[in-house]
Structures are given as C-alpha cells and as structure tokens.
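What follows is the content of run-v6.cif, which has mmCIF, C-alpha atoms:
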```
data_input
#
loop_
_atom_site.label_atom_id
_atom_site.label_comp_id
_atom_site.auth_asym_id
_atom_site.auth_seq_id
_atom_site.Cartn_x
_atom_site.Cartn_y
_atom_site.Cartn_z
CA MET G 24 -101.48 152.82 37.54
CA THR G 25 -100.18 151.98 41.03
CA MET G 26 -96.63 150.95 41.75
CA ASN G 27 -96.52 147.65 43.61
CA PHE G 28 -93.43 146.34 45.42
CA GLU G 29 -94.84 142.83 45.71
CA VAL G 30 -92.71 140.31 43.83
CA THR G 31 -94.74 138.63 41.10
CA GLU G 32 -94.50 134.95 40.25
CA GLU G 33 -92.88 135.89 36.94
CA GLN G 34 -90.23 137.98 38.68
CA LYS G 35 -89.59 135.22 41.19
CA ALA G 36 -89.14 132.78 38.31
CA ILE G 37 -86.64 135.14 36.68
CA ARG G 38 -84.53 135.24 39.85
CA GLU G 39 -84.66 131.49 40.27
CA GLY G 40 -83.83 130.80 36.64
CA VAL G 41 -80.92 133.23 36.49
CA ALA G 42 -79.58 132.02 39.83
CA ALA G 43 -79.63 128.43 38.56
CA VAL G 44 -77.33 129.46 35.71
CA ALA G 45 -75.09 131.79 37.71
CA LYS G 46 -74.47 129.24 40.46
CA GLN G 47 -72.85 126.91 37.92
CA PHE G 48 -69.91 129.35 37.77
CA ASP G 49 -68.11 129.56 41.09
CA ASP G 50 -65.36 131.76 42.52
CA HIS G 51 -62.73 129.49 41.05
CA TYR G 52 -64.15 130.00 37.56
CA TRP G 53 -64.23 133.79 37.82
CA GLY G 54 -60.83 133.95 39.49
CA ARG G 55 -59.35 131.84 36.69
CA LYS G 56 -60.98 133.97 34.00
CA GLU G 57 -59.51 137.10 35.55
CA ALA G 58 -56.03 135.59 35.92
CA GLU G 59 -56.06 134.36 32.31
CA GLU G 60 -57.76 137.53 31.03
CA SER G 61 -60.01 135.25 29.01
CA PHE G 62 -63.59 136.02 28.00
CA PRO G 63 -66.30 134.01 29.88
CA PHE G 64 -67.60 132.24 26.78
CA GLU G 65 -69.05 129.41 28.86
CA PHE G 66 -71.13 131.81 30.95
CA HIS G 67 -72.27 133.72 27.86
CA ARG G 68 -73.33 130.47 26.20
CA ALA G 69 -75.20 129.26 29.29
CA MET G 70 -77.12 132.53 29.53
CA ALA G 71 -77.95 132.35 25.82
CA GLU G 72 -79.15 128.76 26.10
CA GLY G 73 -81.35 129.79 29.00
CA GLY G 74 -82.95 132.44 26.79
CA TRP G 75 -81.76 135.31 29.00
CA LEU G 76 -79.95 137.34 26.33
CA GLY G 77 -83.27 138.28 24.75
CA ILE G 78 -85.22 139.26 27.85
CA THR G 79 -85.99 142.75 26.50
CA MET G 80 -86.17 141.76 22.81
CA PRO G 81 -89.49 141.43 20.94
CA GLU G 82 -91.07 137.99 21.08
CA GLU G 83 -91.46 137.86 17.30
CA TYR G 84 -87.66 137.79 17.01
CA GLY G 85 -87.06 135.16 19.67
CA GLY G 86 -86.96 137.40 22.73
CA ALA G 87 -89.11 137.46 25.85
CA GLY G 88 -90.58 140.91 25.23
CA LEU G 89 -90.22 141.94 28.88
CA GLY G 90 -89.44 145.35 30.33
CA VAL G 91 -86.57 147.12 32.02
CA THR G 92 -87.98 146.04 35.40
CA GLU G 93 -87.51 142.36 34.54
CA ALA G 94 -84.12 143.03 32.94
CA SER G 95 -83.02 144.83 36.12
CA ILE G 96 -84.11 141.90 38.26
CA MET G 97 -82.21 139.56 35.98
CA MET G 98 -78.99 141.60 36.06
CA ASN G 99 -79.22 142.13 39.80
CA GLU G 100 -79.36 138.36 40.20
CA VAL G 101 -76.44 137.85 37.82
CA ALA G 102 -74.37 140.20 39.99
CA ARG G 103 -75.16 138.43 43.26
CA HIS G 104 -73.26 135.20 42.58
CA GLY G 105 -69.56 136.05 42.46
CA GLY G 106 -69.09 136.97 38.82
CA GLY G 107 -68.83 140.67 39.57
CA SER G 108 -68.61 143.10 36.71
CA ALA G 109 -67.09 140.39 34.50
CA ALA G 110 -70.35 138.41 34.55
CA ILE G 111 -72.35 141.61 34.17
CA SER G 112 -70.37 142.95 31.22
CA THR G 113 -70.51 139.63 29.39
CA ILE G 114 -74.21 140.16 28.68
CA HIS G 115 -75.02 143.77 29.67
CA ILE G 116 -74.83 145.30 26.20
CA ASN G 117 -77.42 142.85 24.86
CA LEU G 118 -80.02 144.52 27.04
CA PHE G 119 -79.58 148.16 26.01
CA GLY G 120 -77.05 148.40 23.17
CA PRO G 121 -79.30 147.05 20.38
CA HIS G 122 -82.23 149.24 21.49
CA PRO G 123 -81.90 151.56 18.45
CA ILE G 124 -82.31 148.50 16.22
CA VAL G 125 -85.46 147.43 18.05
CA VAL G 126 -87.04 150.89 17.93
CA PHE G 127 -85.72 152.40 14.69
CA GLY G 128 -84.50 149.49 12.58
CA ASN G 129 -86.50 148.37 9.57
CA SER G 130 -88.14 144.95 9.38
CA ASP G 131 -85.26 143.37 7.42
CA GLN G 132 -82.69 144.61 9.92
CA LYS G 133 -84.69 143.37 12.90
CA SER G 134 -85.37 139.94 11.44
CA GLU G 135 -81.71 139.47 10.44
CA TRP G 136 -79.91 140.89 13.46
CA ILE G 137 -82.04 140.44 16.58
CA PRO G 138 -82.42 136.63 16.54
CA ARG G 139 -78.64 136.25 16.25
CA LEU G 140 -78.15 138.46 19.32
CA VAL G 141 -80.80 136.58 21.29
CA SER G 142 -79.24 133.20 20.46
CA GLY G 143 -75.71 134.39 21.21
CA LYS G 144 -74.49 133.74 17.65
CA ASP G 145 -73.50 137.40 17.42
CA GLN G 146 -71.84 139.51 20.06
CA VAL G 147 -71.91 143.28 19.70
CA CYS G 148 -69.60 145.99 20.98
CA PHE G 149 -70.48 149.65 21.36
CA GLY G 150 -68.43 152.32 19.55
CA VAL G 151 -69.52 155.67 20.99
CA THR G 152 -66.96 157.10 23.45
CA GLU G 153 -63.89 158.83 21.98
CA PRO G 154 -60.55 160.00 23.44
CA ASP G 155 -61.23 163.71 22.92
CA ALA G 156 -65.00 163.70 23.43
CA GLY G 157 -65.63 161.71 26.61
CA LEU G 158 -69.10 162.45 27.94
CA ASP G 159 -69.54 165.33 25.47
CA THR G 160 -70.81 163.05 22.72
CA THR G 161 -71.59 165.96 20.39
CA ARG G 162 -67.84 166.45 19.94
CA ILE G 163 -67.08 163.05 18.46
CA LYS G 164 -64.73 163.14 15.47
CA THR G 165 -65.45 159.75 13.89
CA PHE G 166 -66.90 160.64 10.49
CA ALA G 167 -68.94 158.67 7.96
CA ARG G 168 -68.55 160.07 4.45
CA LYS G 169 -71.38 159.26 2.03
CA VAL G 170 -70.36 157.32 -1.08
CA ASP G 171 -72.26 155.24 -3.63
CA GLY G 172 -74.04 152.42 -1.80
CA GLY G 173 -72.93 153.37 1.68
CA TYR G 174 -70.45 155.26 3.80
CA ILE G 175 -66.70 155.33 4.42
CA ILE G 176 -66.00 155.60 8.16
CA ASN G 177 -62.80 156.87 9.76
CA GLY G 178 -62.22 157.52 13.43
CA ARG G 179 -61.17 156.32 16.84
CA LYS G 180 -63.23 154.96 19.72
CA LEU G 181 -62.26 154.33 23.33
CA TRP G 182 -63.50 151.90 26.01
CA THR G 183 -65.05 149.62 23.42
CA SER G 184 -65.90 146.64 25.64
CA THR G 185 -65.80 143.08 24.23
CA ALA G 186 -64.29 144.22 20.90
CA GLN G 187 -61.72 141.42 21.16
CA VAL G 188 -64.48 138.83 20.79
CA ALA G 189 -67.39 140.73 19.18
CA THR G 190 -68.64 139.94 15.70
CA LYS G 191 -70.64 143.17 15.34
CA ILE G 192 -70.07 146.80 16.23
CA LEU G 193 -72.59 149.58 16.74
CA ILE G 194 -70.92 152.84 15.66
CA LEU G 195 -71.99 156.41 16.29
CA ALA G 196 -70.42 158.70 13.69
CA ARG G 197 -70.86 162.20 12.40
CA THR G 198 -72.33 162.44 8.92
CA THR G 199 -72.46 166.25 9.01
CA PRO G 200 -69.70 168.41 10.56
CA ILE G 201 -70.82 170.01 13.80
CA GLU G 202 -70.13 173.46 12.35
CA GLU G 203 -72.80 172.87 9.71
CA CYS G 204 -75.48 171.66 12.13
CA ARG G 205 -78.30 173.74 13.57
CA LYS G 206 -77.80 172.02 16.93
CA PRO G 207 -74.68 170.19 18.23
CA THR G 208 -76.79 167.04 18.67
CA ASP G 209 -77.72 166.99 14.97
CA GLY G 210 -75.68 165.33 12.23
CA MET G 211 -74.81 162.03 13.94
CA THR G 212 -75.81 158.63 12.57
CA ILE G 213 -75.84 155.10 13.99
CA PHE G 214 -74.51 152.10 12.08
CA TYR G 215 -74.66 148.42 13.01
CA THR G 216 -72.19 146.42 11.01
CA ASP G 217 -69.59 143.65 10.94
CA LEU G 218 -66.46 144.07 13.03
CA ASP G 219 -63.96 143.62 10.21
CA ARG G 220 -60.54 143.56 11.85
CA SER G 221 -58.80 144.19 8.53
CA LYS G 222 -60.28 147.71 8.66
CA ILE G 223 -60.82 148.09 12.40
CA GLU G 224 -57.83 147.75 14.69
CA VAL G 225 -58.62 146.71 18.26
CA ARG G 226 -56.07 147.34 21.03
CA LYS G 227 -56.74 146.04 24.52
CA ILE G 228 -56.53 148.54 27.40
CA PRO G 229 -54.92 147.17 30.60
CA LYS G 230 -57.16 148.24 33.46
CA MET G 231 -57.83 148.09 37.18
CA GLY G 232 -60.45 145.34 37.17
CA ARG G 233 -62.71 143.15 35.07
CA ALA G 234 -59.75 141.65 33.22
CA ALA G 235 -61.91 138.81 31.89
CA VAL G 236 -63.95 141.20 29.73
CA ASP G 237 -61.78 143.33 27.49
CA SER G 238 -61.92 147.09 27.01
CA ASN G 239 -60.27 148.56 23.96
CA ALA G 240 -59.10 151.46 21.89
CA THR G 241 -60.62 150.99 18.43
CA PHE G 242 -59.20 152.50 15.25
CA ILE G 243 -61.49 152.62 12.20
CA ASP G 244 -59.67 153.20 8.92
CA GLU G 245 -61.45 153.73 5.58
CA TYR G 246 -64.16 151.25 6.54
CA PHE G 247 -66.98 150.86 4.02
CA VAL G 248 -70.40 150.33 5.58
CA PRO G 249 -73.36 149.68 3.24
CA ASP G 250 -76.53 151.77 3.39
CA ALA G 251 -78.38 148.70 4.67
CA HIS G 252 -76.34 148.88 7.89
CA ARG G 253 -77.47 152.40 8.76
CA ILE G 254 -80.11 152.49 11.47
CA GLY G 255 -82.95 154.91 10.86
CA GLU G 256 -82.46 158.31 9.29
CA GLU G 257 -79.13 159.94 8.64
CA GLY G 258 -78.34 162.61 11.22
CA LYS G 259 -80.77 161.33 13.87
CA GLY G 260 -78.36 159.01 15.68
CA PHE G 261 -77.96 161.06 18.84
CA SER G 262 -81.71 161.19 19.43
CA TYR G 263 -81.88 157.42 18.84
CA LEU G 264 -79.11 156.90 21.37
CA LEU G 265 -81.01 158.83 24.02
CA HIS G 266 -83.67 156.09 24.07
CA SER G 267 -81.16 153.71 25.67
CA LEU G 268 -79.62 156.07 28.24
CA ASN G 269 -82.21 155.78 31.01
CA PRO G 270 -82.55 151.98 30.68
CA GLU G 271 -78.77 151.71 30.89
CA ARG G 272 -78.58 153.79 34.05
CA ILE G 273 -81.31 151.67 35.64
CA LEU G 274 -79.58 148.43 34.69
CA VAL G 275 -76.22 149.67 35.97
CA ALA G 276 -77.86 150.57 39.27
CA ALA G 277 -79.41 147.11 39.59
CA GLU G 278 -76.08 145.48 38.77
CA ALA G 279 -74.15 147.56 41.29
CA ILE G 280 -76.68 146.71 44.00
CA GLY G 281 -76.28 143.01 43.20
CA MET G 282 -72.51 143.26 43.55
CA GLY G 283 -72.92 145.15 46.81
CA HIS G 284 -75.14 142.42 48.22
CA ASP G 285 -72.64 139.77 47.12
CA ALA G 286 -69.84 141.55 48.97
CA LEU G 287 -72.05 142.20 51.99
CA GLY G 288 -73.10 138.55 52.17
CA ARG G 289 -69.47 137.45 52.10
CA ALA G 290 -68.61 139.89 54.89
CA ALA G 291 -71.55 138.78 57.04
CA ARG G 292 -70.62 135.11 56.65
CA TYR G 293 -66.99 135.77 57.51
CA ALA G 294 -68.05 137.79 60.58
CA THR G 295 -69.86 134.73 61.95
CA GLU G 296 -66.94 132.39 61.20
CA ARG G 297 -63.97 134.46 62.35
CA VAL G 298 -63.24 134.16 66.07
CA VAL G 299 -60.91 136.64 67.81
CA PHE G 300 -60.44 136.92 71.56
CA GLY G 301 -62.83 134.03 72.05
CA ARG G 302 -65.84 135.51 70.22
CA GLN G 303 -67.15 135.95 66.71
CA ILE G 304 -66.07 139.30 65.32
CA GLY G 305 -69.67 139.83 64.22
CA GLN G 306 -70.64 140.21 67.87
CA ASN G 307 -68.75 143.49 67.92
CA GLN G 308 -70.76 146.58 67.02
CA GLY G 309 -67.71 147.94 65.21
CA ILE G 310 -68.30 145.14 62.68
CA GLN G 311 -72.10 144.93 62.91
CA HIS G 312 -72.96 148.57 62.39
CA PRO G 313 -71.07 149.23 59.12
CA LEU G 314 -72.52 146.07 57.60
CA ALA G 315 -76.02 146.96 58.75
CA GLU G 316 -75.58 150.44 57.24
CA SER G 317 -74.61 148.89 53.93
CA TRP G 318 -77.73 146.74 53.89
CA ILE G 319 -79.86 149.84 54.51
CA GLU G 320 -78.04 151.82 51.79
CA LEU G 321 -78.36 149.02 49.24
CA GLU G 322 -82.06 148.54 49.95
CA ALA G 323 -82.71 152.28 49.65
CA ALA G 324 -80.90 152.34 46.31
CA ASP G 325 -82.88 149.31 45.18
CA ALA G 326 -86.15 151.08 45.95
CA ILE G 327 -85.44 154.04 43.68
CA THR G 328 -84.01 151.72 41.03
CA MET G 329 -87.24 149.75 40.90
CA LYS G 330 -89.21 153.00 40.87
CA ALA G 331 -87.19 154.23 37.88
CA ALA G 332 -87.70 150.93 36.07
CA TRP G 333 -91.43 151.02 36.75
CA LEU G 334 -91.68 154.59 35.46
CA TYR G 335 -89.79 153.67 32.28
CA ASP G 336 -91.91 150.60 31.60
CA ALA G 337 -95.05 152.65 32.21
CA GLY G 338 -93.95 155.17 29.59
CA MET G 339 -93.46 157.97 32.09
CA SER G 340 -90.58 160.39 32.59
CA CYS G 341 -87.81 158.77 34.61
CA GLY G 342 -84.64 160.76 33.88
CA ALA G 343 -84.18 162.08 37.42
CA GLU G 344 -85.00 158.74 39.03
CA ALA G 345 -82.75 156.75 36.67
CA ASN G 346 -79.82 159.06 37.37
CA ALA G 347 -80.48 159.10 41.10
CA ALA G 348 -80.63 155.30 41.12
CA LYS G 349 -77.28 155.02 39.38
CA PHE G 350 -75.75 157.56 41.78
CA LEU G 351 -77.00 155.94 44.98
CA ALA G 352 -76.44 152.36 43.85
CA ALA G 353 -72.84 152.94 42.78
CA ARG G 354 -71.96 154.60 46.08
CA ALA G 355 -73.78 152.01 48.19
CA ALA G 356 -72.12 149.13 46.32
CA PHE G 357 -68.69 150.74 46.54
CA THR G 358 -69.07 151.21 50.28
CA ALA G 359 -70.34 147.65 50.76
CA CYS G 360 -67.32 146.23 48.92
CA GLU G 361 -64.95 148.43 50.91
CA ARG G 362 -66.53 147.30 54.18
CA ALA G 363 -66.32 143.67 53.04
CA VAL G 364 -62.58 144.01 52.55
CA LEU G 365 -62.15 145.71 55.93
CA THR G 366 -64.29 143.08 57.67
CA HIS G 367 -61.96 140.37 56.35
CA GLY G 368 -58.95 142.26 57.67
CA GLY G 369 -55.67 141.10 56.17
CA LEU G 370 -57.41 138.25 54.36
CA GLY G 371 -59.56 140.81 52.58
CA TYR G 372 -56.42 141.91 50.78
CA SER G 373 -55.79 138.38 49.49
CA LYS G 374 -57.38 136.92 46.38
CA GLU G 375 -58.63 133.86 48.24
CA TYR G 376 -61.76 135.52 49.60
CA GLN G 377 -62.63 137.35 46.38
CA VAL G 378 -63.66 140.60 48.08
CA GLU G 379 -60.58 142.43 46.81
CA ARG G 380 -61.70 141.60 43.26
CA LEU G 381 -65.18 142.91 43.93
CA MET G 382 -63.64 146.06 45.44
CA ARG G 383 -61.64 146.71 42.26
CA GLU G 384 -64.48 145.87 39.91
CA VAL G 385 -67.15 147.94 41.65
CA MET G 386 -65.16 151.14 41.11
CA VAL G 387 -66.28 151.37 37.48
CA PHE G 388 -69.88 151.98 38.53
CA ARG G 389 -68.85 155.29 40.13
CA ILE G 390 -67.38 156.41 36.80
CA ALA G 391 -69.45 154.93 33.97
CA PRO G 392 -71.66 155.30 32.05
CA VAL G 393 -72.05 158.78 33.54
CA THR G 394 -70.07 160.46 36.30
CA GLU G 395 -71.49 161.46 39.66
CA GLN G 396 -70.79 165.11 38.87
CA LEU G 397 -72.88 165.08 35.69
CA ILE G 398 -75.71 163.35 37.53
CA LEU G 399 -75.71 166.08 40.18
CA SER G 400 -75.64 168.75 37.47
CA PHE G 401 -78.57 167.07 35.72
CA VAL G 402 -80.67 166.92 38.90
CA ALA G 403 -79.80 170.52 39.82
CA GLU G 404 -80.91 171.72 36.38
CA LYS G 405 -83.86 169.47 35.56
CA VAL G 406 -85.33 168.97 39.03
CA LEU G 407 -84.29 172.03 41.01
CA GLY G 408 -84.50 174.59 38.19
CA GLN G 409 -80.90 175.77 38.29
CA LYS G 410 -79.08 177.11 35.24
CA LYS G 411 -77.08 174.63 33.19
CA SER G 412 -73.54 174.48 34.55
CA TYR G 413 -71.71 172.87 31.65
#
```

Have the structure of the file written as structure tokens, please.
Amino acid sequence: MTMNFEVTEEQKAIREGVAAVAKQFDDHYWGRKEAEESFPFEFHRAMAEGGWLGITMPEEYGGAGLGVTEASIMMNEVARHGGGSAAISTIHINLFGPHPIVVFGNSDQKSEWIPRLVSGKDQVCFGVTEPDAGLDTTRIKTFARKVDGGYIINGRKLWTSTAQVATKILILARTTPIEECRKPTDGMTIFYTDLDRSKIEVRKIPKMGRAAVDSNATFIDEYFVPDAHRIGEEGKGFSYLLHSLNPERILVAAEAIGMGHDALGRAARYATERVVFGRQIGQNQGIQHPLAESWIELEAADAITMKAAWLYDAGMSCGAEANAAKFLAARAAFTACERAVLTHGGLGYSKEYQVERLMREVMVFRIAPVTEQLILSFVAEKVLGQKKSY
C-alpha cells in the first residue's frame, strides 16, 4: 500500500461541506459564546444535521464509516474558521470518545447508543482524568463495587469537558484494587451511562480559554450503574481505552494545525492592510519571515499528521508518528498564534481581532491530552531504545 498525498474528491467534499457549516458561525458568534460562557448548541446542531458527528461511526448505525484520515481533515477544517478550541471541543469527543462502544460494545449497546450520538440527541462527556492520578491512569481511585444487577460507583473526576450539557458519561473506574492486580493496567472497567445529576455533582472549572465549552470537576456518589451499561469485559477497560489514544493524538494535531492556519491567515491579511511609515508592514522582512516560518512549521506538522492517520487507517503501528504529530502540531500552532498577536501589535491584545482568543485557546494543545515531556519519553523509549524514565 502506497501513501498518496493527493487530495481525493471525497476529501475535497469533506472540506467543502464542513467549511459551508463553519462559515455560518462568524467571529461575533464565537466572541459572544465566550463572553456568555454558553455552549455552542447552534453549531453542534448544525454539524449534527450535516451528518458530521458520525463521520467515524459505522454506517449501519447512521454514521459515515470513514477513517481517522477523513476525521482529521474534517476537524482541521472546523478549526480554520474562527471557532478555535470552542468549536473543536463541541464535537471532538464524538470522534474518539465512543470508540470503545464501537469496538467492544455488544449489538444492543451499539444499536441503542450510537445513532443517538450521530444525530446529536445525546452528548457524552469523558470521565477518566482524576485529581491525584493525572496522566498515570493506573492510579485512578474511582471504584465500581459489584452489586446485584450492576455496580455502585464512587469517585471524583477532573477536566470532564461538556459535563454541564452532556446527557451521557463514559466512566473509567477500578473494579479490582490495584494491589490485587497482576499488572497496574488490569482491574479497570469502562461504563457508558446516563449523567444523573442527582448522583453526579458537576462543578465548572474557571479556566484560561475556551469558556464556551465547560470543563468540570465531577463528583460521583453512590451511583448505581446497571450491568447493561458496562462495556466489554470487567477489568479490561484500560486496554479498551488504548484503542482511542492514537486517534485522539492525530485528531488533536489536525485541530491544532487548523487553528494555527486560522491565526496565520489573520496575521497575513492584517500585514497587507496595516500601513506604517507609508508602506504595508508585510513588506518588512521582520514581519514576513516569522509568518513564513509558521507556514513551513504548520505544513511540516500536517505531513506527519497525515502520515500517522494513514498508518492508523491501514492497520499499521503509528504510536511514534501520532505522538510526534501532536508534539509538532501543538508547538507550530502555538507559535503561529503568538506571531499573529505580535503582528497585530497593540491591536493583537484587543478582543476585536480575535487573535488574543486564539492565543489563549491554543495553549491547551501543548498540555493535553498528553504532555510534551511524556511524548519525548515515549519516543526515547519506543523508538530510540532507551530505558523507561518514569
């Protein structure tokens, strides 16, 4: 199988279709959503009506049955039209979060849950990260105790995005204490269930950016989840979760690159419009060169992102490439947004030109879903044969 960088008619149609939706929501819309800290329901509904929420879902359940390559193209396009990480986060989890359901769910679970996600009737949040566990997922403390007919779950989750508006929650919980497991990664189970706010308290976290899409601390207290809401086998949840890690890194890379190009495009346009000392500031190499560097960096990151997506869709190993893509894309996008602010000068610090919002929102890609330091440790160990450092 040969990797081909030529854009197919299907991929071109994806870009055009997504752009047609995204362009309906301008800077004023996204600025208002941020100021009001209100979820972009209108954008979510428009993407659902366009059939985009199910791009990676099986066709038999209403999805398009396409791969991570097409999903990456879609999310890159979403990110190019001013919505920033707010637009991205509104629909991102639909593309990777339900993956354990698709791969390991039984036929009843798939037929009941997936069509509702594709149509936008259900919104799901992701309960994995915890205050004392962070990236060391094996140390989670949320516990699901087996009882007749199901499980009683108690625990606390952190950075649960969209929990203020979600109807469903995907929970990773221990079903066997880590001390009793052969391996630290054993004994964790995934549940997909209703977000019952009488048993699950959701507290919004004030944060640096992306105010339109909430992030939360989530407290789960004596919550009964029926057996039918457990995905796959008990104790295999961590291995199920791993199936979504590389696709998520690839998608995050594509999204960051889209945001970087949005910021870069704004800077380039401003550089042709702004006249100082009788000439466009874009005539000055001090403006030209940083912007040209950002284009080069973003395109290089895009190349390895598409390579990683191609490898994944072809069923080949892509861990190193997916991590490298996320690393390069986050840095390139961050730098592009920074340069966009600096190109605008004092006006870059104002909300009018939107680049300050992009600057704040792009920061998250350098942190989540995996830090730069862990990526470097992964590459050193898995690619370069060094001993594990953590």

Item checked: Protein/DNA/RNA residues near (-67.0, 159.0, 23.7), cut 12 Å, only C-alpha atoms, as a PyMOL selection string -> chain G and resi 149-165+178-183+194-196+240-241+391-393

Which residues of stretch 55-141 of chain G come within 7 Å of stretch 24-42 of chain G, and for each one, what is the closest pair of atoms and their distance in Å to one decimal, counting only C-alpha atoms, sorted by chain and residue number, as CSV?
```
residue,atom,partner,partner_atom,distance
G:Glu93,CA,G:Gln34,CA,6.6
G:Ile96,CA,G:Arg38,CA,6.9
G:Met97,CA,G:Arg38,CA,6.2
G:Glu100,CA,G:Arg38,CA,6.0
G:Val101,CA,G:Val41,CA,6.6
```

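Straight-line separation from atom CA of G:Asn99 to atom CA of G:Ser267: 18.4 Å.
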
The PyMOL selection byres ((chain G and resi 57) around 9) applied to the shown file, residues as a short mmCIF file (atom, residue, chain, number, x, y, z; two decimals) with C-alpha atoms, in the coordinates of the input:
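So the final result, stored in out_25.cif, reads:
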```
data_model
loop_
_atom_site.label_atom_id
_atom_site.label_comp_id
_atom_site.auth_asym_id
_atom_site.auth_seq_id
_atom_site.Cartn_x
_atom_site.Cartn_y
_atom_site.Cartn_z
CA TYR G 52 -64.15 130.00 37.56
CA TRP G 53 -64.23 133.79 37.82
CA GLY G 54 -60.83 133.95 39.49
CA ARG G 55 -59.35 131.84 36.69
CA LYS G 56 -60.98 133.97 34.00
CA ALA G 58 -56.03 135.59 35.92
CA GLU G 59 -56.06 134.36 32.31
CA GLU G 60 -57.76 137.53 31.03
CA SER G 61 -60.01 135.25 29.01
CA PHE G 62 -63.59 136.02 28.00
CA ALA G 109 -67.09 140.39 34.50
CA GLY G 232 -60.45 145.34 37.17
CA ARG G 233 -62.71 143.15 35.07
CA ALA G 234 -59.75 141.65 33.22
CA ALA G 235 -61.91 138.81 31.89
CA VAL G 236 -63.95 141.20 29.73
#
```

For this structure, which residues satisfy the selection - the PyMOL selection byres ((chain G and resi 199) around 9) - when it is evaluated on the file as given? I want them as a short mmCIF file (atom, residue, chain, number, x, y, z; two decimals) with C-alpha atoms, in the frame of the given file.
```
data_model
loop_
_atom_site.label_atom_id
_atom_site.label_comp_id
_atom_site.auth_asym_id
_atom_site.auth_seq_id
_atom_site.Cartn_x
_atom_site.Cartn_y
_atom_site.Cartn_z
CA PHE G 166 -66.90 160.64 10.49
CA ALA G 167 -68.94 158.67 7.96
CA ARG G 168 -68.55 160.07 4.45
CA ARG G 197 -70.86 162.20 12.40
CA THR G 198 -72.33 162.44 8.92
CA PRO G 200 -69.70 168.41 10.56
CA ILE G 201 -70.82 170.01 13.80
CA GLU G 202 -70.13 173.46 12.35
CA GLU G 203 -72.80 172.87 9.71
CA CYS G 204 -75.48 171.66 12.13
CA ASP G 209 -77.72 166.99 14.97
CA GLY G 210 -75.68 165.33 12.23
CA MET G 211 -74.81 162.03 13.94
CA GLY G 258 -78.34 162.61 11.22
#
```

Next item on the list: Run through the PyMOL selection byres ((chain G and resi 108) around 12) on the given coordinates and return the selected residues as an MDAnalysis selection string.
Entry: chainID G and resid 53 57 63 98:99 101:107 109:115 184 231:237 275 277:283 285 356 380:388

Near G:Val364, within 10 Å and counting all atoms listed in the file, which residues show up once chain neighbours fewer than 5 positions away are dropped, as a tab-separated table (two decimals) with C-alpha atoms, keeping the file's coordinate frame?
```tsv
chain	number	residue	atom	x	y	z
G	286	ALA	CA	-69.84	141.55	48.97
G	287	LEU	CA	-72.05	142.20	51.99
G	289	ARG	CA	-69.47	137.45	52.10
G	290	ALA	CA	-68.61	139.89	54.89
G	358	THR	CA	-69.07	151.21	50.28
G	359	ALA	CA	-70.34	147.65	50.76
G	369	GLY	CA	-55.67	141.10	56.17
G	370	LEU	CA	-57.41	138.25	54.36
G	371	GLY	CA	-59.56	140.81	52.58
G	372	TYR	CA	-56.42	141.91	50.78
G	373	SER	CA	-55.79	138.38	49.49
G	376	TYR	CA	-61.76	135.52	49.60
G	377	GLN	CA	-62.63	137.35	46.38
G	378	VAL	CA	-63.66	140.60	48.08
G	379	GLU	CA	-60.58	142.43	46.81
G	380	ARG	CA	-61.70	141.60	43.26
G	381	LEU	CA	-65.18	142.91	43.93
G	382	MET	CA	-63.64	146.06	45.44
```

Note to self: For a quick check of understanding, using all atoms listed in the file, which of G:Ile213, G:Ala363, G:Ile319, G:Leu76 has the smallest distance to G:Gly260?
What the structure shows: G:Ile213

Note to self: I want to know what sits within 7 Å of stretch 133-141 of chain G, based on only C-alpha atoms, with residues of the same chain fewer than 3 positions away left out; could you give that as an MDAnalysis selection string?
What the structure shows: chainID G and resid 71 76:77 84:86 124:125 128:130 144:146

Checklist line | Counting all atoms listed in the file, the residue of G:Ile116, G:Ile228, G:Ile176, G:Ile390 that sits nearest G:Glu245 | finding: G:Ile176

Notebook entry, point to check: Nearest to G:Phe247: which of G:His122, G:Lys222, G:Arg68, G:His367 is it, counting all atoms listed in the file?
Noted result: G:Lys222

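Reported to one decimal place, the separation of atom CA of G:Arg389 from atom CA of G:Phe357 is 7.9 Å.
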
Next item on the list: Using all atoms listed in the file, pick whichever of G:Gly301, G:Gly120, G:Gly172, G:Gly309 has the shortest atom-to-atom distance to G:Thr79.
Entry: G:Gly120

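Remark: for G:Glu320, the closest of the candidate residues G:Arg354, G:Lys410, G:Ala186, G:Glu296 is G:Arg354 (distances computed over all atoms listed in the file).
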
Note to self: From the options G:Pro207, G:Gly173, G:Pro249, G:Gly288, which residue's atoms come nearest to G:Ala315, counting only C-alpha atoms?
What the structure shows: G:Gly288

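Our summary of the geometry notes that atom CA of G:Lys330 is positioned 10.9 Å from atom CA of G:Ala343.
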
Where is the centre and how long are the edges: axis-aligned box on stretch 334-347 of chain G, 4 Å on each side, Å to one decimal, as lines of an AutoDock Vina configuration file:
```
center_x = -87.4
center_y = 156.3
center_z = 35.3
size_x = 23.2
size_y = 19.5
size_z = 19.5
```

Margin query: Set the distance at 10 Å and use only C-alpha atoms: which residues neighbour G:Leu399 once local chain neighbours fewer than 5 positions away are removed? I'd like the list as a ChimeraX atom specification.
Written below: /G:343,346-347,350,394,404-405
